[in-house]
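Below is data.cif, which holds mmCIF, C-alpha atoms and all ligand atoms.
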```
data_start
loop_
_atom_site.label_atom_id
_atom_site.label_comp_id
_atom_site.auth_asym_id
_atom_site.auth_seq_id
_atom_site.Cartn_x
_atom_site.Cartn_y
_atom_site.Cartn_z
CA MET T 191 80.87 157.57 66.65
CA ARG T 192 84.59 157.34 67.34
CA PHE T 193 83.94 157.30 71.07
CA SER T 194 81.61 154.33 70.77
CA VAL T 195 84.23 152.42 68.72
CA VAL T 196 86.86 153.04 71.41
CA PHE T 197 84.38 152.13 74.11
CA PHE T 198 83.43 148.97 72.28
CA GLY T 199 87.14 148.15 71.87
CA ILE T 200 87.76 148.53 75.58
CA VAL T 201 84.78 146.40 76.49
CA LEU T 202 85.83 143.74 74.00
CA SER T 203 89.40 143.56 75.30
CA LEU T 204 88.09 143.40 78.87
CA VAL T 205 85.88 140.49 77.91
CA VAL T 206 88.80 138.74 76.19
CA LEU T 207 91.04 139.39 79.18
CA PHE T 208 88.43 138.09 81.59
CA ALA T 209 87.87 135.01 79.45
CA ALA T 210 91.62 134.32 79.34
CA TRP T 211 91.94 134.88 83.08
CA SER T 212 89.01 132.68 83.97
CA ASN T 213 90.29 129.97 81.63
CA LEU T 214 93.64 130.12 83.29
CA PHE T 215 91.90 129.91 86.60
CA ARG T 216 89.89 126.94 85.42
CA GLU T 217 93.06 125.32 84.11
CA GLN T 218 94.52 125.53 87.59
CA ARG T 219 91.38 124.28 89.25
CA SER T 220 91.03 121.36 86.90
CA LEU T 221 94.04 119.62 88.44
CA GLY T 222 92.71 116.36 89.82
CA ASP T 223 93.01 115.45 93.49
CA TYR T 224 95.64 112.79 92.91
CA GLU T 225 97.70 114.94 90.56
CA ARG T 226 97.65 117.72 93.13
CA ALA T 227 98.88 115.28 95.79
CA ALA T 228 101.66 114.00 93.48
CA LEU T 229 102.82 117.57 92.77
CA LEU T 230 102.80 118.33 96.48
CA LEU T 231 104.96 115.26 97.11
CA ASP T 232 107.40 116.34 94.40
CA ARG T 233 107.97 119.60 96.26
CA SER T 234 108.58 118.02 99.68
CA PRO T 235 112.05 118.74 101.06
CA LYS T 236 111.94 115.31 102.73
CA ARG T 237 112.08 113.45 99.41
CA GLU T 238 114.41 110.48 99.44
CA TRP T 239 116.28 108.59 96.77
CA CYS T 240 113.24 106.38 96.17
CA ASP T 241 111.01 109.37 95.58
CA LEU T 242 113.30 110.73 92.89
CA GLN T 243 113.25 107.31 91.22
CA THR T 244 109.49 107.01 91.22
CA SER T 245 108.43 110.65 90.84
CA GLN T 246 107.58 110.26 87.13
CA SER T 247 105.47 107.12 87.43
CA ARG T 248 103.75 108.52 90.54
CA LEU T 249 102.67 111.65 88.66
CA ARG T 250 101.61 109.71 85.57
CA LEU T 251 99.55 107.19 87.52
CA ALA T 252 97.96 109.94 89.61
CA ARG T 253 96.90 111.78 86.44
CA LEU T 254 95.68 108.56 84.90
CA ILE T 255 93.38 107.78 87.81
CA ASP T 256 92.10 111.37 87.93
CA HIS T 257 91.36 111.20 84.21
CA PHE T 258 89.59 107.85 84.29
CA ARG T 259 87.91 108.30 87.67
CA PRO T 260 84.33 108.48 86.33
CA ARG T 261 84.89 105.23 84.44
CA ILE T 262 86.57 103.57 87.40
CA GLN T 263 83.65 104.61 89.61
CA GLU T 264 81.35 103.04 87.05
CA LEU T 265 83.42 99.83 87.27
CA PHE T 266 82.85 99.72 91.02
CA ASN T 267 79.17 100.46 90.60
CA ALA T 268 78.81 97.69 88.01
CA GLN T 269 80.31 95.02 90.26
CA SER T 270 77.93 92.29 91.26
CA GLY T 271 77.98 89.22 93.43
CA ALA T 272 78.99 87.24 90.32
CA ASP T 273 82.40 88.94 90.45
CA PHE T 274 83.07 87.05 93.68
CA PRO T 275 81.71 83.56 93.05
CA GLU T 276 83.73 82.18 95.96
CA PHE T 277 81.90 84.25 98.58
CA LYS T 278 78.41 84.23 100.01
CA MET T 279 76.59 87.55 99.75
CA GLU T 280 74.15 89.30 102.03
CA SER T 281 71.85 91.93 100.62
CA VAL T 282 71.69 94.92 102.98
CA GLY T 283 69.72 97.99 101.96
CA PRO T 284 70.99 99.30 98.58
CA ILE T 285 74.19 97.20 98.51
CA LEU T 286 75.54 93.68 98.78
CA LEU T 287 78.01 92.67 101.47
CA ARG T 288 80.43 89.78 101.27
CA LEU T 289 79.96 87.41 104.17
CA SER T 290 83.24 87.29 106.08
CA PRO T 291 84.48 83.72 106.30
CA SER T 292 84.46 82.42 109.84
CA ARG T 293 88.04 81.59 110.63
CA LYS T 294 89.74 80.99 113.89
CA ALA T 295 91.14 84.21 115.24
CA ALA T 296 94.86 84.15 114.62
CA GLN T 297 97.58 86.01 116.42
CA ASP T 298 99.81 86.54 113.44
CA TYR T 299 99.89 89.09 110.66
CA GLU T 300 99.01 89.26 107.03
CA ILE T 301 101.80 91.06 105.21
CA SER T 302 101.56 92.76 101.83
CA SER T 303 103.96 94.95 99.86
CA TRP T 304 103.14 98.07 97.88
CA SER T 305 105.37 100.06 95.53
CA TRP T 306 105.01 102.52 92.66
CA GLU T 307 106.96 100.14 90.49
CA ASP T 308 104.38 97.45 91.11
CA ALA T 309 101.50 99.87 90.44
CA ARG T 310 103.12 100.86 87.15
CA ASP T 311 103.49 97.19 86.17
CA LYS T 312 99.79 96.68 86.90
CA TYR T 313 98.99 99.55 84.53
CA LEU T 314 101.31 98.25 81.79
CA LYS T 315 99.56 94.91 82.04
CA THR T 316 96.22 96.56 81.17
CA GLN T 317 97.85 98.07 78.08
CA ARG T 318 99.27 94.78 76.86
CA ASN T 319 95.87 93.12 76.90
CA PRO T 320 93.06 95.68 77.11
CA LEU T 321 90.45 93.03 76.32
CA ALA T 322 91.39 90.71 79.17
CA LYS T 323 88.39 89.19 80.90
CA ASP T 324 89.35 90.63 84.27
CA ILE T 325 90.23 94.11 82.96
CA GLY T 326 87.71 95.76 85.29
CA GLU T 327 89.25 94.01 88.27
CA GLN T 328 92.72 95.09 87.09
CA TRP T 329 91.68 98.75 86.96
CA ARG T 330 90.07 98.57 90.38
CA ALA T 331 93.34 97.15 91.72
CA ILE T 332 95.36 100.02 90.18
CA ASP T 333 92.98 102.53 91.75
CA THR T 334 93.38 100.88 95.15
CA ALA T 335 97.20 100.77 94.85
CA VAL T 336 97.52 104.41 93.74
CA ARG T 337 95.29 105.63 96.56
CA TYR T 338 97.20 103.60 99.16
CA LEU T 339 100.61 104.76 97.90
CA LEU T 340 99.61 108.43 97.73
CA GLU T 341 98.20 108.26 101.27
CA GLN T 342 101.36 106.68 102.63
CA ASP T 343 103.69 109.03 100.73
CA LEU T 344 101.75 112.01 102.08
CA ARG T 345 102.05 110.62 105.59
CA ARG T 346 105.78 110.19 105.21
CA LEU T 347 106.76 113.28 103.20
CA VAL T 348 104.17 115.91 104.04
CA PHE T 349 102.56 115.11 107.39
CA SER T 350 105.66 113.50 108.98
CA ARG T 351 103.53 110.90 110.72
CA PRO T 352 105.65 108.04 112.05
CA GLN T 353 105.24 104.68 110.32
CA LEU T 354 106.29 102.15 112.89
CA GLU T 355 106.07 98.46 113.68
CA PRO T 356 102.87 97.37 115.52
CA GLU T 357 104.47 97.07 118.95
CA LYS T 358 105.80 100.64 118.70
CA THR T 359 102.69 102.27 117.23
CA LEU T 360 100.80 104.59 119.56
CA HIS T 361 97.13 104.60 118.67
CA LEU T 362 94.73 107.33 119.70
CA PHE T 363 91.40 106.47 121.33
CA GLN T 364 88.86 109.28 120.94
CA PRO T 365 85.63 108.81 122.93
CA LYS T 366 82.64 110.08 120.98
CA GLY T 367 79.45 111.91 121.91
CA ALA T 368 77.35 109.36 120.00
CA VAL T 369 78.28 106.71 122.57
CA ILE T 370 77.17 106.17 126.15
CA ARG T 371 77.85 103.40 128.62
CA SER T 372 74.31 102.37 129.41
CA LYS T 373 75.12 99.51 131.81
CA GLN T 374 78.21 97.95 133.34
CA ASN T 375 78.55 95.64 130.34
CA GLU T 376 76.65 97.59 127.71
CA TRP T 377 77.33 100.55 125.45
CA GLN T 378 74.83 102.39 123.26
CA VAL T 379 75.64 104.05 119.94
CA LYS T 380 73.32 106.54 118.26
CA LEU T 381 72.92 105.96 114.53
CA SER T 382 70.50 107.22 111.91
CA ALA T 383 69.71 104.70 109.19
CA GLY T 384 70.12 107.02 106.16
CA ASP T 385 70.51 104.95 102.97
CA PHE T 386 69.82 101.82 105.01
CA ALA T 387 66.39 102.84 106.30
CA GLY T 388 64.29 99.68 106.50
CA SER T 389 67.38 97.47 107.05
CA GLU T 390 67.98 98.41 110.68
CA LYS T 391 67.36 94.89 111.97
CA LYS T 392 69.79 93.40 109.45
CA ILE T 393 72.51 95.94 110.34
CA GLU T 394 72.01 95.21 114.04
CA GLU T 395 72.38 91.50 113.38
CA ILE T 396 75.68 92.13 111.55
CA PHE T 397 77.02 94.25 114.44
CA ARG T 398 75.94 91.64 116.96
CA ARG T 399 78.20 88.98 115.42
CA GLN T 400 81.24 90.97 116.59
CA TRP T 401 80.07 93.43 119.19
CA TRP T 402 78.35 90.96 121.49
CA SER T 403 81.22 89.02 122.94
CA HIS T 404 83.25 88.44 126.10
CA GLY T 405 80.14 89.11 128.23
CA ARG T 406 79.68 92.64 126.90
CA LYS T 407 77.59 94.20 124.15
CA VAL T 408 77.12 97.28 122.01
CA GLN T 409 73.51 98.21 121.29
CA ILE T 410 72.29 100.53 118.56
CA LEU T 411 69.92 103.37 119.36
CA TRP T 412 68.27 104.37 116.06
CA VAL T 413 67.47 108.06 115.96
CA GLY T 414 66.17 110.49 113.34
CA PRO T 415 68.59 112.45 111.16
CA GLY T 416 67.99 115.53 113.31
CA ASP T 417 69.94 114.08 116.25
CA THR T 418 73.22 116.00 116.12
CA ALA T 419 75.33 113.49 118.06
CA SER T 420 74.41 110.54 115.84
CA TYR T 421 76.18 109.08 112.81
CA LYS T 422 74.33 108.53 109.54
CA LEU T 423 74.74 105.40 107.39
CA VAL T 424 75.66 106.07 103.75
CA ALA T 425 76.00 103.52 100.92
CA ASN T 426 79.01 103.89 98.59
CA ARG T 427 78.85 102.35 95.11
CA ARG T 428 81.65 104.48 93.60
CA SER T 429 84.70 102.87 95.19
CA ALA T 430 85.69 99.99 97.43
CA ARG T 431 86.19 102.35 100.30
CA SER T 432 84.29 102.09 103.57
CA PHE T 433 85.12 104.66 106.21
CA VAL T 434 83.83 106.92 108.97
CA ASP T 435 83.95 110.67 108.50
CA HIS T 436 83.88 112.24 111.96
CA LYS T 437 83.38 115.75 110.55
CA THR T 438 80.22 114.97 108.60
CA ARG T 439 79.29 112.20 111.06
CA GLU T 440 78.81 109.60 108.38
CA MET T 441 79.54 105.89 108.31
CA VAL T 442 80.14 105.10 104.64
CA ILE T 443 79.79 101.46 103.62
CA ALA T 444 81.01 100.27 100.22
CA HIS T 445 79.13 97.93 97.94
CA LEU T 446 80.67 94.43 98.31
CA ALA T 447 82.59 95.24 101.47
CA TRP T 448 82.97 92.46 104.03
CA THR T 449 80.16 92.15 106.55
CA ARG T 450 82.84 92.57 109.21
CA THR T 451 83.85 95.88 107.64
CA VAL T 452 80.55 97.29 108.90
CA SER T 453 81.53 96.28 112.43
CA HIS T 454 85.04 97.68 111.90
CA GLU T 455 83.46 101.05 111.05
CA LEU T 456 81.31 100.88 114.18
CA GLY T 457 84.63 100.52 116.02
CA HIS T 458 85.63 103.96 114.71
CA ILE T 459 82.39 105.50 115.97
CA LEU T 460 83.11 103.93 119.37
CA GLY T 461 86.46 105.74 119.30
CA PHE T 462 89.01 103.20 118.05
CA ASP T 463 91.86 104.03 115.70
CA ASP T 464 92.74 101.93 112.65
CA HIS T 465 95.29 99.36 113.68
CA TYR T 466 97.07 99.51 110.34
CA TYR T 467 100.84 99.35 110.13
CA SER T 468 102.71 100.45 107.03
CA VAL T 469 106.46 100.38 107.39
CA TRP T 470 108.55 102.16 104.76
CA ASN T 471 111.55 100.36 103.31
CA SER T 472 113.75 103.22 102.11
CA GLU T 473 116.39 100.90 100.66
CA ASN T 474 114.07 99.17 98.25
CA CYS T 475 111.29 101.75 97.88
CA TYR T 476 108.24 99.86 99.08
CA TYR T 477 105.79 99.84 101.95
CA GLN T 478 105.19 96.72 103.92
CA GLN T 479 101.68 96.65 105.29
CA LYS T 480 100.93 94.48 108.28
CA ALA T 481 97.43 93.55 109.38
CA ARG T 482 96.75 91.61 112.58
CA LEU T 483 94.47 88.78 111.50
CA GLY T 484 92.65 88.41 114.83
CA ASP T 485 91.96 92.12 115.42
CA LEU T 486 88.90 93.67 113.79
CA MET T 487 90.41 97.17 113.79
CA SER T 488 93.36 95.77 111.82
CA HIS T 489 91.82 93.19 109.51
CA SER T 490 88.21 93.52 108.35
CA GLU T 491 88.08 90.11 106.73
CA THR T 492 89.05 87.86 109.62
CA GLY T 493 89.37 90.16 112.66
CA GLU T 494 87.47 89.75 115.94
CA ILE T 495 86.63 91.88 118.92
CA THR T 496 88.98 90.81 121.68
CA GLU T 497 89.09 91.22 125.44
CA GLU T 498 91.50 94.07 124.84
CA HIS T 499 88.99 96.05 122.75
CA TRP T 500 86.47 95.75 125.58
CA GLN T 501 89.00 96.89 128.19
CA LEU T 502 89.74 99.96 126.09
CA LEU T 503 86.00 100.71 125.91
CA GLU T 504 85.72 100.32 129.69
CA LYS T 505 88.55 102.75 130.13
CA ALA T 506 87.02 105.27 127.72
CA TYR T 507 83.41 105.35 128.91
CA SER T 508 82.21 105.46 132.47
CA LEU T 509 78.68 104.75 133.71
CA ASP T 510 78.81 108.25 135.09
CA GLU T 511 78.84 110.26 131.86
CA SER T 512 80.64 113.15 133.48
CA GLN T 513 83.63 110.83 133.96
CA THR T 514 83.94 109.74 130.35
CA SER T 515 87.62 109.98 129.55
CA LYS T 516 89.41 112.37 127.23
CA ASP T 517 91.38 111.10 124.22
CA PHE T 518 94.15 108.73 125.23
CA ARG T 519 96.99 106.81 123.62
CA TYR T 520 97.37 103.05 123.61
CA VAL T 521 99.56 100.36 122.13
CA TYR T 522 97.49 97.39 121.01
CA GLY T 523 98.84 94.25 122.69
CA LYS T 524 100.04 95.99 125.85
CA PRO T 525 97.95 95.70 129.04
CA VAL T 526 95.28 98.40 129.23
CA GLN T 527 95.71 100.70 132.18
CA LYS T 528 92.49 101.22 134.07
CA ALA T 529 90.86 104.64 134.14
CA GLN T 530 91.89 106.43 137.32
CA GLU T 531 89.27 106.37 140.04
CA LYS T 532 88.21 109.76 141.22
ZN ZN B 1 89.19 101.84 109.54
#
```

Starting from the file, lay out its structure as structure tokens.
Amino acid sequence: MRFSVVFFGIVLSLVVLFAAWSNLFREQRSLGDYERAALLLDRSPKREWCDLQTSQSRLRLARLIDHFRPRIQELFNAQSGADFPEFKMESVGPILLRLSPSRKAAQDYEISSWSWEDARDKYLKTQRNPLAKDIGEQWRAIDTAVRYLLEQDLRRLVFSRPQLEPEKTLHLFQPKGAVIRSKQNEWQVKLSAGDFAGSEKKIEEIFRRQWWSHGRKVQILWVGPGDTASYKLVANRRSARSFVDHKTREMVIAHLAWTRTVSHELGHILGFDDHYYSVWNSENCYYQQKARLGDLMSHSETGEITEEHWQLLEKAYSLDESQTSKDFRYVYGKPVQKAQEK
């Protein structure tokens, strides 16, 4: 009898201990992605004066977005064409795309500034008037700002990636196995339609507006999902983010993205880098983001495919597949050096 009481006691305390331990474990795991990033930034030995100033609001905003993420995702999902009455929409598969306005390609830059102070002000505004008509739009803007700022802070403080002016930025071109040069003036990209099955013709038409120019063209070769070199199209209704994931080989297209965004993402599958330039101002604690208006890899709203993009593609892919180049660096705006003849 006594033995069973002791035994029961031991088992009970083990159970309690395990419960406490697993709770502790869960507590640790329940840190959101943004909060984790903010804590990582707070530990960086490279922190500057600005980072000490903004550390508190960075952590608070990161936690806030983690906490409200399901609701913010719902806000993105609930967006409709009516939220953008000034733009024409095109329905493509499960999402709507905003028709990029046709503007003359410009050589200059669009410049925007981003700071934690500004992000905090955006949040405070939602608290002053929580019933504002555009409250959903305000929250989406906070989400966008917090993501951008965390990404840039991580670049600067954790990954030590240089943030330079456009003319000093070395981009990396990475030729991909999903691409072949099928003719002198033609490239072929293997895609599988995924969420956009049935809309292949529409997607091709959107690509054609940018990727048939300067006497050259990119064609799409639609393949089944089993083709291991191909990229699969995925629709995103949970954020405003469109991107290419080279690990999972997915081209993710956000609901209400620009039509040109889809062509920008094809640029990544062809091997281009983002031509984004965020320069840190350490005196006044903000990032200045520059986007080249006439360059599709820099500006998805107004950008175009230029002669320079085509020259980079010619350098990267040879008609003789065995001569397709390795990764190489380039500065956009400087003459492209031809691939060396063998
Ligand atoms: Zn991009």

**Message:** So that I can check the surroundings of T:Ser305, please list as a count of residues only every protein, DNA and RNA residue that reaches within 12 Å of it, counting only C-alpha atoms and ignoring chain neighbours fewer than 4 positions away.
**Reply:** 31

**Expected answer as a ChimeraX atom specification: residues within 9 Å of ligand ZN 1 (chain B), all atoms listed in the file** = /T:432-434,451,454-455,457-458,462-466,487-488,490

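Distance annotation: of T:Ile410, T:Leu231, T:Ala430, T:Ala481, the residue with the minimal separation from T:Arg330 is T:Ala430; atom set is all atoms listed in the file.
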
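Note that the spacing between atom CA of T:Ala425 and atom CA of T:Ser453 amounts to 14.7 Å.
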
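Across the structure, atom CA of T:Gln263 and atom CA of T:Glu491 are spaced 22.9 Å apart.
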
Just want the 8 Å neighbourhood of stretch 414-422 of chain T, counted on all atoms listed in the file, with same-chain residues fewer than 2 positions away dropped. Output as a CSV table (one decimal) with C-alpha atoms, in the coordinates of the input.
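Result file follows (part_7.csv):
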```
chain,number,residue,atom,x,y,z
T,367,GLY,CA,79.4,111.9,121.9
T,368,ALA,CA,77.4,109.4,120.0
T,379,VAL,CA,75.6,104.0,119.9
T,380,LYS,CA,73.3,106.5,118.3
T,381,LEU,CA,72.9,106.0,114.5
T,382,SER,CA,70.5,107.2,111.9
T,383,ALA,CA,69.7,104.7,109.2
T,384,GLY,CA,70.1,107.0,106.2
T,412,TRP,CA,68.3,104.4,116.1
T,424,VAL,CA,75.7,106.1,103.8
T,439,ARG,CA,79.3,112.2,111.1
T,440,GLU,CA,78.8,109.6,108.4
T,441,MET,CA,79.5,105.9,108.3
T,459,ILE,CA,82.4,105.5,116.0
```

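Shortest atom-to-atom contact with T:Lys278 among T:Thr449, T:Thr334, T:Gln501, T:Gln513: T:Thr449, counting all atoms listed in the file.
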
What lies within 10 Å of T:Arg250 using only C-alpha atoms, ignoring chain neighbours under 6 positions off, as a compact mmCIF listing (two decimals) with C-alpha atoms, in the coordinates of the input?
```
# COMPACT_ATOMS: atom_id res chain seq x y z
CA TYR T 224 95.64 112.79 92.91
CA GLU T 225 97.70 114.94 90.56
CA ALA T 228 101.66 114.00 93.48
CA ASP T 256 92.10 111.37 87.93
CA ARG T 310 103.12 100.86 87.15
```

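Taking atom CA of T:Trp401 and atom CA of T:Thr438 as the two end points, the separation is 24.0 Å.
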
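With all atoms listed in the file as the basis for measurement, T:Leu289 is the residue among T:Ile370, T:Val408, T:Leu289, T:Ile262 that approaches T:Pro275 most closely.
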
**Asked** Which polymer residues have any atom within 12 Å of an atom of T:Asp324, counting all atoms listed in the file, with same-chain residues fewer than 4 positions away left out, as an MDAnalysis selection string?
**Response** chainID T and resid 265 269 273:274 315:316 319:320 328:331

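Nearest to T:Gln527 of all the residues T:Glu238, T:Glu504, T:Glu376, T:Glu497 is T:Glu504, based on only C-alpha atoms.
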
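Excluding T:Thr496 itself and same-chain residues fewer than 6 positions from it, the residues having an atom within 9 Å of it are T:Ser403, T:His404, T:Gly484, T:Asp485, T:Leu486, counting all atoms listed in the file.
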
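If you measure from each of T:Leu502, T:Leu254, T:Val282, T:Ile301 to T:Ile393 using all atoms listed in the file, the closest one turns out to be T:Val282.
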
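Distance check against T:Arg427 using all atoms listed in the file: of T:Ser303, T:Gln246, T:Ser270, T:Ser512, the minimum falls on T:Ser270.
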